[in-house]
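Structure data (compact mmCIF, N, CA and C atoms) from work_28.txt:
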```txt
# COMPACT_ATOMS: atom_id res chain seq x y z
N MET A 1 107.71 108.74 110.35
CA MET A 1 106.38 108.79 110.94
C MET A 1 105.33 108.80 109.84
N VAL A 2 104.25 108.08 110.07
CA VAL A 2 103.16 108.00 109.11
C VAL A 2 102.29 109.25 109.24
N ALA A 3 101.91 109.82 108.12
CA ALA A 3 101.02 110.98 108.13
C ALA A 3 99.67 110.58 108.71
N ASN A 4 99.01 111.51 109.40
CA ASN A 4 97.72 111.20 110.04
C ASN A 4 96.69 110.66 109.06
N ASP A 5 96.61 111.25 107.85
CA ASP A 5 95.63 110.78 106.87
C ASP A 5 95.88 109.32 106.51
N GLU A 6 97.14 108.97 106.32
CA GLU A 6 97.49 107.59 105.98
C GLU A 6 97.17 106.65 107.15
N LEU A 7 97.49 107.08 108.36
CA LEU A 7 97.20 106.27 109.54
C LEU A 7 95.69 106.11 109.71
N GLU A 8 94.95 107.19 109.55
CA GLU A 8 93.49 107.12 109.68
C GLU A 8 92.89 106.16 108.66
N GLU A 9 93.42 106.19 107.46
CA GLU A 9 92.94 105.29 106.41
C GLU A 9 93.21 103.83 106.78
N LYS A 10 94.41 103.56 107.31
CA LYS A 10 94.75 102.19 107.74
C LYS A 10 93.84 101.72 108.86
N ILE A 11 93.61 102.60 109.83
CA ILE A 11 92.75 102.25 110.96
C ILE A 11 91.33 101.99 110.47
N TYR A 12 90.84 102.83 109.58
CA TYR A 12 89.49 102.65 109.03
C TYR A 12 89.39 101.31 108.31
N THR A 13 90.37 100.97 107.52
CA THR A 13 90.36 99.71 106.77
C THR A 13 90.37 98.51 107.72
N VAL A 14 91.23 98.56 108.72
CA VAL A 14 91.33 97.45 109.68
C VAL A 14 90.05 97.30 110.49
N LEU A 15 89.53 98.41 111.03
CA LEU A 15 88.32 98.33 111.84
C LEU A 15 87.11 97.91 111.00
N SER A 16 87.02 98.40 109.79
CA SER A 16 85.93 97.98 108.90
C SER A 16 85.96 96.48 108.67
N ASP A 17 87.16 95.95 108.45
CA ASP A 17 87.29 94.51 108.24
C ASP A 17 86.91 93.73 109.50
N LEU A 18 87.34 94.21 110.64
CA LEU A 18 87.00 93.52 111.89
C LEU A 18 85.49 93.50 112.11
N ILE A 19 84.81 94.57 111.76
CA ILE A 19 83.37 94.66 111.95
C ILE A 19 82.63 93.83 110.90
N LYS A 20 82.97 94.06 109.66
CA LYS A 20 82.24 93.45 108.55
C LYS A 20 82.52 91.96 108.39
N ASN A 21 83.78 91.58 108.42
CA ASN A 21 84.15 90.21 108.10
C ASN A 21 84.38 89.31 109.31
N LYS A 22 84.74 89.91 110.44
CA LYS A 22 85.02 89.09 111.62
C LYS A 22 83.98 89.29 112.71
N LYS A 23 83.03 90.17 112.45
CA LYS A 23 81.87 90.40 113.33
C LYS A 23 82.21 90.92 114.72
N TYR A 24 83.29 91.69 114.85
CA TYR A 24 83.61 92.32 116.13
C TYR A 24 82.68 93.50 116.34
N THR A 25 82.24 93.69 117.58
CA THR A 25 81.29 94.76 117.87
C THR A 25 81.71 95.66 119.04
N SER A 26 82.72 95.28 119.80
CA SER A 26 83.13 96.06 120.97
C SER A 26 84.57 96.53 120.83
N PHE A 27 84.79 97.81 121.13
CA PHE A 27 86.11 98.40 120.99
C PHE A 27 86.44 99.19 122.25
N TYR A 28 87.64 98.96 122.79
CA TYR A 28 88.12 99.66 123.98
C TYR A 28 89.14 100.71 123.57
N SER A 29 89.14 101.82 124.32
CA SER A 29 90.14 102.86 124.12
C SER A 29 90.51 103.45 125.48
N GLY A 30 91.79 103.76 125.63
CA GLY A 30 92.24 104.43 126.84
C GLY A 30 92.05 105.93 126.76
N GLY A 31 91.82 106.43 125.55
CA GLY A 31 91.55 107.86 125.37
C GLY A 31 92.72 108.77 125.63
N MET A 32 93.93 108.24 125.47
CA MET A 32 95.12 109.07 125.72
C MET A 32 95.97 109.13 124.45
N GLY A 33 96.23 110.28 123.99
CA GLY A 33 97.13 110.43 122.85
C GLY A 33 96.41 110.44 121.52
N GLU A 34 97.19 110.79 120.52
CA GLU A 34 96.66 110.97 119.17
C GLU A 34 96.15 109.67 118.55
N PHE A 35 96.86 108.57 118.77
CA PHE A 35 96.44 107.28 118.21
C PHE A 35 95.07 106.89 118.75
N ASP A 36 94.88 106.99 120.07
CA ASP A 36 93.58 106.67 120.66
C ASP A 36 92.49 107.58 120.10
N GLU A 37 92.82 108.84 119.94
CA GLU A 37 91.85 109.81 119.41
C GLU A 37 91.41 109.42 117.99
N ILE A 38 92.37 109.05 117.16
CA ILE A 38 92.06 108.65 115.78
C ILE A 38 91.21 107.38 115.78
N CYS A 39 91.58 106.41 116.62
CA CYS A 39 90.81 105.16 116.69
C CYS A 39 89.38 105.42 117.15
N GLU A 40 89.22 106.24 118.19
CA GLU A 40 87.87 106.55 118.68
C GLU A 40 87.04 107.26 117.61
N ARG A 41 87.64 108.22 116.95
CA ARG A 41 86.94 108.96 115.90
C ARG A 41 86.51 108.01 114.78
N THR A 42 87.36 107.06 114.45
CA THR A 42 87.05 106.10 113.40
C THR A 42 85.90 105.18 113.81
N VAL A 43 85.92 104.71 115.05
CA VAL A 43 84.82 103.87 115.53
C VAL A 43 83.51 104.66 115.50
N ARG A 44 83.53 105.92 115.95
CA ARG A 44 82.31 106.73 115.91
C ARG A 44 81.80 106.90 114.48
N MET A 45 82.71 107.05 113.54
CA MET A 45 82.34 107.17 112.13
C MET A 45 81.70 105.86 111.66
N LEU A 46 82.28 104.73 112.04
CA LEU A 46 81.77 103.43 111.62
C LEU A 46 80.43 103.10 112.27
N LYS A 47 80.16 103.68 113.44
CA LYS A 47 78.87 103.46 114.11
C LYS A 47 77.71 103.96 113.26
N LYS A 48 77.95 104.91 112.40
CA LYS A 48 76.90 105.42 111.52
C LYS A 48 76.48 104.36 110.51
N GLU A 49 77.41 103.51 110.15
CA GLU A 49 77.15 102.44 109.19
C GLU A 49 76.75 101.13 109.88
N TYR A 50 77.35 100.88 111.04
CA TYR A 50 77.11 99.65 111.80
C TYR A 50 76.60 100.03 113.19
N SER A 51 75.31 100.06 113.33
CA SER A 51 74.72 100.57 114.58
C SER A 51 74.94 99.64 115.78
N ASN A 52 75.36 98.41 115.54
CA ASN A 52 75.52 97.46 116.65
C ASN A 52 76.89 97.54 117.34
N ILE A 53 77.80 98.35 116.85
CA ILE A 53 79.13 98.40 117.48
C ILE A 53 79.13 99.37 118.66
N LYS A 54 80.00 99.07 119.62
CA LYS A 54 80.08 99.86 120.85
C LYS A 54 81.52 100.31 121.07
N LEU A 55 81.65 101.53 121.58
CA LEU A 55 82.94 102.11 121.92
C LEU A 55 82.98 102.35 123.43
N TYR A 56 83.96 101.74 124.08
CA TYR A 56 84.12 101.87 125.52
C TYR A 56 85.40 102.62 125.85
N ARG A 57 85.29 103.63 126.68
CA ARG A 57 86.47 104.34 127.18
C ARG A 57 86.83 103.68 128.51
N VAL A 58 88.06 103.25 128.62
CA VAL A 58 88.53 102.63 129.85
C VAL A 58 89.39 103.65 130.57
N ALA A 59 88.87 104.17 131.67
CA ALA A 59 89.56 105.19 132.45
C ALA A 59 90.43 104.51 133.50
N TYR A 60 91.47 105.19 133.93
CA TYR A 60 92.38 104.56 134.89
C TYR A 60 92.24 105.12 136.30
N LYS A 61 91.38 106.10 136.49
CA LYS A 61 91.16 106.58 137.85
C LYS A 61 89.80 107.23 137.97
N TYR A 62 89.27 107.20 139.16
CA TYR A 62 87.93 107.72 139.41
C TYR A 62 87.86 109.23 139.33
N LYS A 63 88.94 109.91 139.61
CA LYS A 63 88.93 111.37 139.68
C LYS A 63 88.97 112.02 138.30
N THR A 64 89.16 111.23 137.26
CA THR A 64 89.21 111.77 135.91
C THR A 64 87.88 112.45 135.58
N ASN A 65 87.93 113.64 134.99
CA ASN A 65 86.72 114.32 134.58
C ASN A 65 86.22 113.66 133.30
N LEU A 66 85.18 112.87 133.44
CA LEU A 66 84.67 112.11 132.30
C LEU A 66 83.42 112.73 131.68
N ASN A 67 82.98 113.88 132.19
CA ASN A 67 81.77 114.51 131.66
C ASN A 67 81.88 114.82 130.18
N SER A 68 83.05 115.25 129.73
CA SER A 68 83.22 115.60 128.32
C SER A 68 83.25 114.37 127.42
N VAL A 69 83.42 113.20 128.00
CA VAL A 69 83.56 111.97 127.23
C VAL A 69 82.23 111.24 127.09
N VAL A 70 81.32 111.44 128.02
CA VAL A 70 80.08 110.67 128.11
C VAL A 70 79.34 110.58 126.78
N GLU A 71 79.24 111.69 126.06
CA GLU A 71 78.48 111.68 124.81
C GLU A 71 79.27 111.10 123.65
N MET A 72 80.56 110.88 123.82
CA MET A 72 81.40 110.40 122.73
C MET A 72 81.55 108.88 122.72
N VAL A 73 81.19 108.22 123.82
CA VAL A 73 81.37 106.77 123.93
C VAL A 73 80.07 106.13 124.39
N ASP A 74 79.98 104.83 124.25
CA ASP A 74 78.77 104.12 124.69
C ASP A 74 78.76 103.87 126.19
N ASP A 75 79.95 103.70 126.75
CA ASP A 75 80.04 103.50 128.19
C ASP A 75 81.47 103.77 128.64
N ILE A 76 81.60 104.03 129.93
CA ILE A 76 82.91 104.25 130.52
C ILE A 76 83.15 103.13 131.52
N ILE A 77 84.29 102.49 131.39
CA ILE A 77 84.67 101.41 132.28
C ILE A 77 85.83 101.90 133.14
N ILE A 78 85.72 101.68 134.43
CA ILE A 78 86.81 102.05 135.33
C ILE A 78 87.22 100.80 136.11
N PRO A 79 88.28 100.13 135.66
CA PRO A 79 88.74 98.94 136.38
C PRO A 79 89.18 99.31 137.81
N GLU A 80 89.16 98.34 138.68
CA GLU A 80 89.58 98.57 140.06
C GLU A 80 91.10 98.68 140.11
N LEU A 81 91.58 99.91 140.20
CA LEU A 81 93.02 100.15 140.18
C LEU A 81 93.47 101.01 141.35
N GLU A 82 92.57 101.29 142.28
CA GLU A 82 92.93 102.21 143.36
C GLU A 82 94.04 101.70 144.27
N ASN A 83 94.34 100.42 144.24
CA ASN A 83 95.42 99.87 145.07
C ASN A 83 96.80 100.06 144.45
N PHE A 84 96.84 100.60 143.25
CA PHE A 84 98.11 100.80 142.56
C PHE A 84 98.57 102.25 142.69
N HIS A 85 99.86 102.42 142.67
CA HIS A 85 100.45 103.76 142.66
C HIS A 85 99.98 104.48 141.40
N TYR A 86 99.83 105.79 141.49
CA TYR A 86 99.35 106.59 140.36
C TYR A 86 100.09 106.27 139.06
N LYS A 87 101.41 106.14 139.11
CA LYS A 87 102.20 105.89 137.89
C LYS A 87 101.95 104.50 137.32
N GLU A 88 101.47 103.58 138.13
CA GLU A 88 101.17 102.22 137.65
C GLU A 88 99.77 102.11 137.07
N MET A 89 98.90 103.05 137.42
CA MET A 89 97.50 102.94 137.00
C MET A 89 97.33 102.87 135.49
N ILE A 90 98.06 103.67 134.75
CA ILE A 90 97.92 103.67 133.29
C ILE A 90 98.37 102.32 132.73
N ILE A 91 99.48 101.82 133.23
CA ILE A 91 99.97 100.51 132.77
C ILE A 91 98.95 99.43 133.08
N LYS A 92 98.44 99.41 134.30
CA LYS A 92 97.47 98.39 134.70
C LYS A 92 96.16 98.52 133.93
N ARG A 93 95.75 99.76 133.64
CA ARG A 93 94.55 99.97 132.81
C ARG A 93 94.78 99.41 131.41
N ASN A 94 95.96 99.66 130.83
CA ASN A 94 96.28 99.14 129.50
C ASN A 94 96.33 97.62 129.51
N GLU A 95 96.90 97.05 130.55
CA GLU A 95 96.93 95.59 130.68
C GLU A 95 95.51 95.04 130.77
N TRP A 96 94.63 95.75 131.51
CA TRP A 96 93.24 95.33 131.61
C TRP A 96 92.60 95.28 130.23
N MET A 97 92.82 96.33 129.42
CA MET A 97 92.24 96.35 128.07
C MET A 97 92.75 95.19 127.24
N ILE A 98 94.03 94.91 127.33
CA ILE A 98 94.60 93.79 126.57
C ILE A 98 94.01 92.47 127.05
N ASN A 99 93.91 92.30 128.36
CA ASN A 99 93.37 91.05 128.91
C ASN A 99 91.95 90.79 128.46
N PHE A 100 91.16 91.83 128.26
CA PHE A 100 89.77 91.68 127.87
C PHE A 100 89.54 91.84 126.37
N SER A 101 90.62 91.83 125.61
CA SER A 101 90.51 91.99 124.15
C SER A 101 90.95 90.72 123.44
N ASP A 102 90.38 90.50 122.27
CA ASP A 102 90.81 89.40 121.41
C ASP A 102 91.94 89.85 120.49
N ILE A 103 91.84 91.09 120.05
CA ILE A 103 92.79 91.65 119.09
C ILE A 103 93.28 92.99 119.61
N VAL A 104 94.55 93.28 119.39
CA VAL A 104 95.14 94.54 119.83
C VAL A 104 95.71 95.26 118.62
N LEU A 105 95.29 96.51 118.42
CA LEU A 105 95.86 97.35 117.36
C LEU A 105 97.09 98.05 117.92
N CYS A 106 98.20 97.97 117.20
CA CYS A 106 99.45 98.61 117.67
C CYS A 106 100.00 99.54 116.60
N TYR A 107 100.42 100.69 117.07
CA TYR A 107 101.13 101.64 116.23
C TYR A 107 102.41 101.98 116.98
N ILE A 108 103.47 101.30 116.64
CA ILE A 108 104.75 101.41 117.36
C ILE A 108 105.75 102.12 116.46
N ARG A 109 106.34 103.19 117.00
CA ARG A 109 107.33 103.95 116.23
C ARG A 109 108.74 103.78 116.78
N ARG A 110 108.86 103.21 117.97
CA ARG A 110 110.19 103.03 118.56
C ARG A 110 110.14 101.85 119.53
N GLU A 111 111.29 101.32 119.83
CA GLU A 111 111.36 100.12 120.67
C GLU A 111 111.57 100.47 122.14
N TYR A 112 110.77 101.38 122.63
CA TYR A 112 110.74 101.73 124.05
C TYR A 112 109.46 102.52 124.29
N GLY A 113 109.13 102.73 125.54
CA GLY A 113 107.94 103.51 125.88
C GLY A 113 106.73 102.64 126.13
N GLY A 114 105.63 103.31 126.49
CA GLY A 114 104.41 102.63 126.89
C GLY A 114 103.79 101.76 125.82
N ALA A 115 103.67 102.25 124.60
CA ALA A 115 103.05 101.47 123.52
C ALA A 115 103.87 100.22 123.24
N TYR A 116 105.18 100.36 123.24
CA TYR A 116 106.06 99.21 122.99
C TYR A 116 105.92 98.17 124.11
N LYS A 117 105.88 98.63 125.35
CA LYS A 117 105.73 97.71 126.48
C LYS A 117 104.39 96.97 126.41
N MET A 118 103.34 97.68 126.01
CA MET A 118 102.03 97.03 125.93
C MET A 118 101.97 96.04 124.77
N MET A 119 102.67 96.33 123.67
CA MET A 119 102.74 95.39 122.57
C MET A 119 103.41 94.10 123.04
N LYS A 120 104.50 94.24 123.80
CA LYS A 120 105.19 93.07 124.33
C LYS A 120 104.29 92.30 125.31
N TYR A 121 103.52 93.03 126.11
CA TYR A 121 102.59 92.40 127.04
C TYR A 121 101.52 91.62 126.26
N ALA A 122 101.00 92.22 125.19
CA ALA A 122 99.98 91.55 124.36
C ALA A 122 100.55 90.27 123.75
N LYS A 123 101.79 90.32 123.30
CA LYS A 123 102.45 89.12 122.76
C LYS A 123 102.53 88.04 123.82
N LYS A 124 102.92 88.44 125.02
CA LYS A 124 103.07 87.51 126.13
C LYS A 124 101.73 86.87 126.49
N GLN A 125 100.64 87.60 126.28
CA GLN A 125 99.30 87.09 126.56
C GLN A 125 98.72 86.33 125.36
N ASN A 126 99.54 86.15 124.32
CA ASN A 126 99.12 85.43 123.10
C ASN A 126 97.93 86.08 122.41
N LYS A 127 97.89 87.39 122.42
CA LYS A 127 96.82 88.12 121.74
C LYS A 127 97.18 88.29 120.27
N GLU A 128 96.15 88.32 119.43
CA GLU A 128 96.38 88.64 118.04
C GLU A 128 96.70 90.13 117.96
N ILE A 129 97.78 90.48 117.28
CA ILE A 129 98.20 91.87 117.18
C ILE A 129 98.15 92.30 115.73
N ILE A 130 97.54 93.44 115.49
CA ILE A 130 97.54 94.03 114.16
C ILE A 130 98.44 95.26 114.23
N TYR A 131 99.52 95.21 113.46
CA TYR A 131 100.48 96.31 113.45
C TYR A 131 100.10 97.31 112.35
N LEU A 132 100.06 98.56 112.70
CA LEU A 132 99.74 99.61 111.72
C LEU A 132 100.99 100.37 111.36
```

File written out as structure tokens:
Amino acid sequence: MVANDELEEKIYTVLSDLIKNKKYTSFYSGGMGEFDEICERTVRMLKKEYSNIKLYRVAYKYKTNLNSVVEMVDDIIIPELENFHYKEMIIKRNEWMINFSDIVLCYIRREYGGAYKMMKYAKKQNKEIIYL
């Protein structure tokens, strides 16, 4: 497993390059887990240097308490997922983020689980994937 400091440094380097050299300005996060937390924190840090970038939290259900998140992101997006079973909502939300993204950052530590499945989905959608 990569130490958090090393992972944070990699994420900072990748996001800085995407902003500075490739002119990306919008970033989506599901806000679940340590990887999402590090990515969001890094985008917020980069916003101090690049005021034109935006951080969007993509929630998977309406009942989620988003009050604590409002000040941490530029906007909250809630895709229409109410027709899906609760256990499918996270998967469908992640697929939504991939579908609306040009590039997907992946931190995969094992060949199973949600992150691995989403990486395979991103490949299937012919998305550019950056592996950390």

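With distances taken over only N, CA and C atoms, A:Cys106 is the one residue among A:Cys106, A:Leu81, A:Met118, A:Leu15 lying closest to Tyr131 (chain A).
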
### Task
Find the residues around region 36-53 of chain A up to 8 Å (all atoms listed in the file counted), leave out those fewer than 3 positions away in its own chain, and share them as an NGL selection string.
:A and (7-8 or 11-12 or 15-16 or 19 or 24-33 or 56 or 72 or 74)

Would you return as a PDB file with N, CA and C atoms, in the coordinates of the input the members of region 3-132 of chain A that DSSP assigns to strand (DSSP E) on this structure's backbone?
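And here's out-v6.pdb as it stands now:
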```
ATOM      1  N   SER A  26      82.720  95.280 119.800  1.00  0.00           N
ATOM      2  CA  SER A  26      83.130  96.060 120.970  1.00  0.00           C
ATOM      3  C   SER A  26      84.570  96.530 120.830  1.00  0.00           C
ATOM      4  N   PHE A  27      84.790  97.810 121.130  1.00  0.00           N
ATOM      5  CA  PHE A  27      86.110  98.400 120.990  1.00  0.00           C
ATOM      6  C   PHE A  27      86.440  99.190 122.250  1.00  0.00           C
ATOM      7  N   TYR A  28      87.640  98.960 122.790  1.00  0.00           N
ATOM      8  CA  TYR A  28      88.120  99.660 123.980  1.00  0.00           C
ATOM      9  C   TYR A  28      89.140 100.710 123.570  1.00  0.00           C
ATOM     10  N   SER A  29      89.140 101.820 124.320  1.00  0.00           N
ATOM     11  CA  SER A  29      90.140 102.860 124.120  1.00  0.00           C
ATOM     12  C   SER A  29      90.510 103.450 125.480  1.00  0.00           C
ATOM     13  N   LYS A  54      80.000  99.070 119.620  1.00  0.00           N
ATOM     14  CA  LYS A  54      80.080  99.860 120.850  1.00  0.00           C
ATOM     15  C   LYS A  54      81.520 100.310 121.070  1.00  0.00           C
ATOM     16  N   LEU A  55      81.650 101.530 121.580  1.00  0.00           N
ATOM     17  CA  LEU A  55      82.940 102.110 121.920  1.00  0.00           C
ATOM     18  C   LEU A  55      82.980 102.350 123.430  1.00  0.00           C
ATOM     19  N   TYR A  56      83.960 101.740 124.080  1.00  0.00           N
ATOM     20  CA  TYR A  56      84.120 101.870 125.520  1.00  0.00           C
ATOM     21  C   TYR A  56      85.400 102.620 125.850  1.00  0.00           C
ATOM     22  N   ARG A  57      85.290 103.630 126.680  1.00  0.00           N
ATOM     23  CA  ARG A  57      86.470 104.340 127.180  1.00  0.00           C
ATOM     24  C   ARG A  57      86.830 103.680 128.510  1.00  0.00           C
ATOM     25  N   VAL A  58      88.060 103.250 128.620  1.00  0.00           N
ATOM     26  CA  VAL A  58      88.530 102.630 129.850  1.00  0.00           C
ATOM     27  C   VAL A  58      89.390 103.650 130.570  1.00  0.00           C
ATOM     28  N   ASP A  75      79.950 103.700 126.750  1.00  0.00           N
ATOM     29  CA  ASP A  75      80.040 103.500 128.190  1.00  0.00           C
ATOM     30  C   ASP A  75      81.470 103.770 128.640  1.00  0.00           C
ATOM     31  N   ILE A  76      81.600 104.030 129.930  1.00  0.00           N
ATOM     32  CA  ILE A  76      82.910 104.250 130.520  1.00  0.00           C
ATOM     33  C   ILE A  76      83.150 103.130 131.520  1.00  0.00           C
ATOM     34  N   ILE A  77      84.290 102.490 131.390  1.00  0.00           N
ATOM     35  CA  ILE A  77      84.670 101.410 132.280  1.00  0.00           C
ATOM     36  C   ILE A  77      85.830 101.900 133.140  1.00  0.00           C
ATOM     37  N   ILE A 103      91.840  91.090 120.050  1.00  0.00           N
ATOM     38  CA  ILE A 103      92.790  91.650 119.090  1.00  0.00           C
ATOM     39  C   ILE A 103      93.280  92.990 119.610  1.00  0.00           C
ATOM     40  N   VAL A 104      94.550  93.280 119.390  1.00  0.00           N
ATOM     41  CA  VAL A 104      95.140  94.540 119.830  1.00  0.00           C
ATOM     42  C   VAL A 104      95.710  95.260 118.620  1.00  0.00           C
ATOM     43  N   LEU A 105      95.290  96.510 118.420  1.00  0.00           N
ATOM     44  CA  LEU A 105      95.860  97.350 117.360  1.00  0.00           C
ATOM     45  C   LEU A 105      97.090  98.050 117.920  1.00  0.00           C
ATOM     46  N   CYS A 106      98.200  97.970 117.200  1.00  0.00           N
ATOM     47  CA  CYS A 106      99.450  98.610 117.670  1.00  0.00           C
ATOM     48  C   CYS A 106     100.000  99.540 116.600  1.00  0.00           C
ATOM     49  N   GLU A 128      96.150  88.320 119.430  1.00  0.00           N
ATOM     50  CA  GLU A 128      96.380  88.640 118.040  1.00  0.00           C
ATOM     51  C   GLU A 128      96.700  90.130 117.960  1.00  0.00           C
ATOM     52  N   ILE A 129      97.780  90.480 117.280  1.00  0.00           N
ATOM     53  CA  ILE A 129      98.200  91.870 117.180  1.00  0.00           C
ATOM     54  C   ILE A 129      98.150  92.300 115.730  1.00  0.00           C
ATOM     55  N   ILE A 130      97.540  93.440 115.490  1.00  0.00           N
ATOM     56  CA  ILE A 130      97.540  94.030 114.160  1.00  0.00           C
ATOM     57  C   ILE A 130      98.440  95.260 114.230  1.00  0.00           C
ATOM     58  N   TYR A 131      99.520  95.210 113.460  1.00  0.00           N
ATOM     59  CA  TYR A 131     100.480  96.310 113.450  1.00  0.00           C
ATOM     60  C   TYR A 131     100.100  97.310 112.350  1.00  0.00           C
TER      61      TYR A 131
END
```

### Message
Taking only chain A into account, list the residues labelled helix (DSSP H, G or I) by DSSP (computed from the backbone), as a ChimeraX atom specification.
### Response
/A:4-20,33-47,86-99,114-124

Per residue of region 22-77 of chain A within 7 Å of region 93-101 of chain A, which atom pair is closest and at what distance in Å (one decimal), using all atoms listed in the file, listed by chain and increasing number, as a tab-separated table?
```
residue	atom	partner	partner_atom	distance
A:Tyr28	CA	A:Met97	CA	6.7
A:Val58	C	A:Arg93	CA	6.7
A:Ala59	C	A:Arg93	CA	6.2
A:Tyr60	CA	A:Arg93	CA	5.5
```

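Atom N of Tyr107 (chain A) sits 12.2 Å away from atom N of Lys123 (chain A).
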
### Task
Find the distance between atom C of Glu88 (chain A) and atom N of Lys54 (chain A) and write it in Å to one decimal.
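So the answer is 26.5 Å.
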
### Task
Could you please determine the separation between atom C of Gln125 (chain A) and CA of Ile103 (chain A) in Å, to one decimal place?
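A separation of 10.1 Å between them.
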
### Message
So, with only C-alpha atoms as the atoms that count, which of A:Glu82, A:Ile129, A:Phe35, A:Ile77 lies closest to Leu55 (chain A)?
### Response
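Residue with the minimum atom-to-atom distance to Leu55 (chain A): A:Ile77.
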
Using the structure just given, write a file holding all heavy atoms for region 120-126 of chain A, as a PDB file, in the first residue's frame.
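Output file decode_7.pdb is given in full below:
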```pdb
ATOM      1  N   LYS A 120     -12.636  -0.962 -14.834  1.00  0.00           N
ATOM      2  CA  LYS A 120     -12.999  -1.778 -15.991  1.00  0.00           C
ATOM      3  C   LYS A 120     -14.115  -1.094 -16.798  1.00  0.00           C
ATOM      4  O   LYS A 120     -14.090  -1.108 -18.027  1.00  0.00           O
ATOM      5  CB  LYS A 120     -13.413  -3.181 -15.554  1.00  0.00           C
ATOM      6  CG  LYS A 120     -12.220  -4.004 -15.031  1.00  0.00           C
ATOM      7  CD  LYS A 120     -12.611  -5.401 -14.645  1.00  0.00           C
ATOM      8  CE  LYS A 120     -12.952  -6.276 -15.783  1.00  0.00           C
ATOM      9  NZ  LYS A 120     -11.926  -6.933 -16.505  1.00  0.00           N
ATOM     10  N   TYR A 121     -15.064  -0.482 -16.107  1.00  0.00           N
ATOM     11  CA  TYR A 121     -16.142   0.243 -16.780  1.00  0.00           C
ATOM     12  C   TYR A 121     -15.556   1.421 -17.576  1.00  0.00           C
ATOM     13  O   TYR A 121     -15.951   1.661 -18.720  1.00  0.00           O
ATOM     14  CB  TYR A 121     -17.178   0.739 -15.766  1.00  0.00           C
ATOM     15  CG  TYR A 121     -18.309   1.498 -16.400  1.00  0.00           C
ATOM     16  CD1 TYR A 121     -19.371   0.825 -16.992  1.00  0.00           C
ATOM     17  CD2 TYR A 121     -18.323   2.891 -16.412  1.00  0.00           C
ATOM     18  CE1 TYR A 121     -20.410   1.526 -17.588  1.00  0.00           C
ATOM     19  CE2 TYR A 121     -19.354   3.595 -17.004  1.00  0.00           C
ATOM     20  CZ  TYR A 121     -20.396   2.907 -17.590  1.00  0.00           C
ATOM     21  OH  TYR A 121     -21.419   3.593 -18.197  1.00  0.00           O
ATOM     22  N   ALA A 122     -14.630   2.154 -16.966  1.00  0.00           N
ATOM     23  CA  ALA A 122     -13.994   3.295 -17.650  1.00  0.00           C
ATOM     24  C   ALA A 122     -13.257   2.824 -18.901  1.00  0.00           C
ATOM     25  O   ALA A 122     -13.313   3.478 -19.944  1.00  0.00           O
ATOM     26  CB  ALA A 122     -13.053   4.020 -16.697  1.00  0.00           C
ATOM     27  N   LYS A 123     -12.575   1.692 -18.808  1.00  0.00           N
ATOM     28  CA  LYS A 123     -11.889   1.128 -19.982  1.00  0.00           C
ATOM     29  C   LYS A 123     -12.893   0.820 -21.084  1.00  0.00           C
ATOM     30  O   LYS A 123     -12.668   1.131 -22.248  1.00  0.00           O
ATOM     31  CB  LYS A 123     -11.148  -0.159 -19.606  1.00  0.00           C
ATOM     32  CG  LYS A 123      -9.805   0.035 -18.990  1.00  0.00           C
ATOM     33  CD  LYS A 123      -9.148  -1.327 -18.782  1.00  0.00           C
ATOM     34  CE  LYS A 123      -7.760  -1.191 -18.256  1.00  0.00           C
ATOM     35  NZ  LYS A 123      -7.122  -2.490 -18.047  1.00  0.00           N
ATOM     36  N   LYS A 124     -13.997   0.214 -20.693  1.00  0.00           N
ATOM     37  CA  LYS A 124     -15.045  -0.168 -21.641  1.00  0.00           C
ATOM     38  C   LYS A 124     -15.634   1.063 -22.324  1.00  0.00           C
ATOM     39  O   LYS A 124     -16.041   1.015 -23.481  1.00  0.00           O
ATOM     40  CB  LYS A 124     -16.140  -0.930 -20.883  1.00  0.00           C
ATOM     41  CG  LYS A 124     -17.122  -1.653 -21.729  1.00  0.00           C
ATOM     42  CD  LYS A 124     -18.040  -2.469 -20.818  1.00  0.00           C
ATOM     43  CE  LYS A 124     -19.041  -3.262 -21.597  1.00  0.00           C
ATOM     44  NZ  LYS A 124     -19.954  -3.996 -20.722  1.00  0.00           N
ATOM     45  N   GLN A 125     -15.656   2.187 -21.616  1.00  0.00           N
ATOM     46  CA  GLN A 125     -16.173   3.437 -22.166  1.00  0.00           C
ATOM     47  C   GLN A 125     -15.091   4.219 -22.917  1.00  0.00           C
ATOM     48  O   GLN A 125     -15.322   5.359 -23.333  1.00  0.00           O
ATOM     49  CB  GLN A 125     -16.744   4.307 -21.042  1.00  0.00           C
ATOM     50  CG  GLN A 125     -17.866   3.655 -20.251  1.00  0.00           C
ATOM     51  CD  GLN A 125     -19.005   3.198 -21.133  1.00  0.00           C
ATOM     52  OE1 GLN A 125     -19.476   3.945 -21.974  1.00  0.00           O
ATOM     53  NE2 GLN A 125     -19.448   1.967 -20.947  1.00  0.00           N
ATOM     54  N   ASN A 126     -13.911   3.615 -23.058  1.00  0.00           N
ATOM     55  CA  ASN A 126     -12.776   4.241 -23.764  1.00  0.00           C
ATOM     56  C   ASN A 126     -12.342   5.558 -23.142  1.00  0.00           C
ATOM     57  O   ASN A 126     -11.976   6.506 -23.844  1.00  0.00           O
ATOM     58  CB  ASN A 126     -13.093   4.428 -25.259  1.00  0.00           C
ATOM     59  CG  ASN A 126     -13.263   3.110 -25.952  1.00  0.00           C
ATOM     60  OD1 ASN A 126     -12.467   2.191 -25.775  1.00  0.00           O
ATOM     61  ND2 ASN A 126     -14.324   2.987 -26.733  1.00  0.00           N
TER      62      ASN A 126
END
```
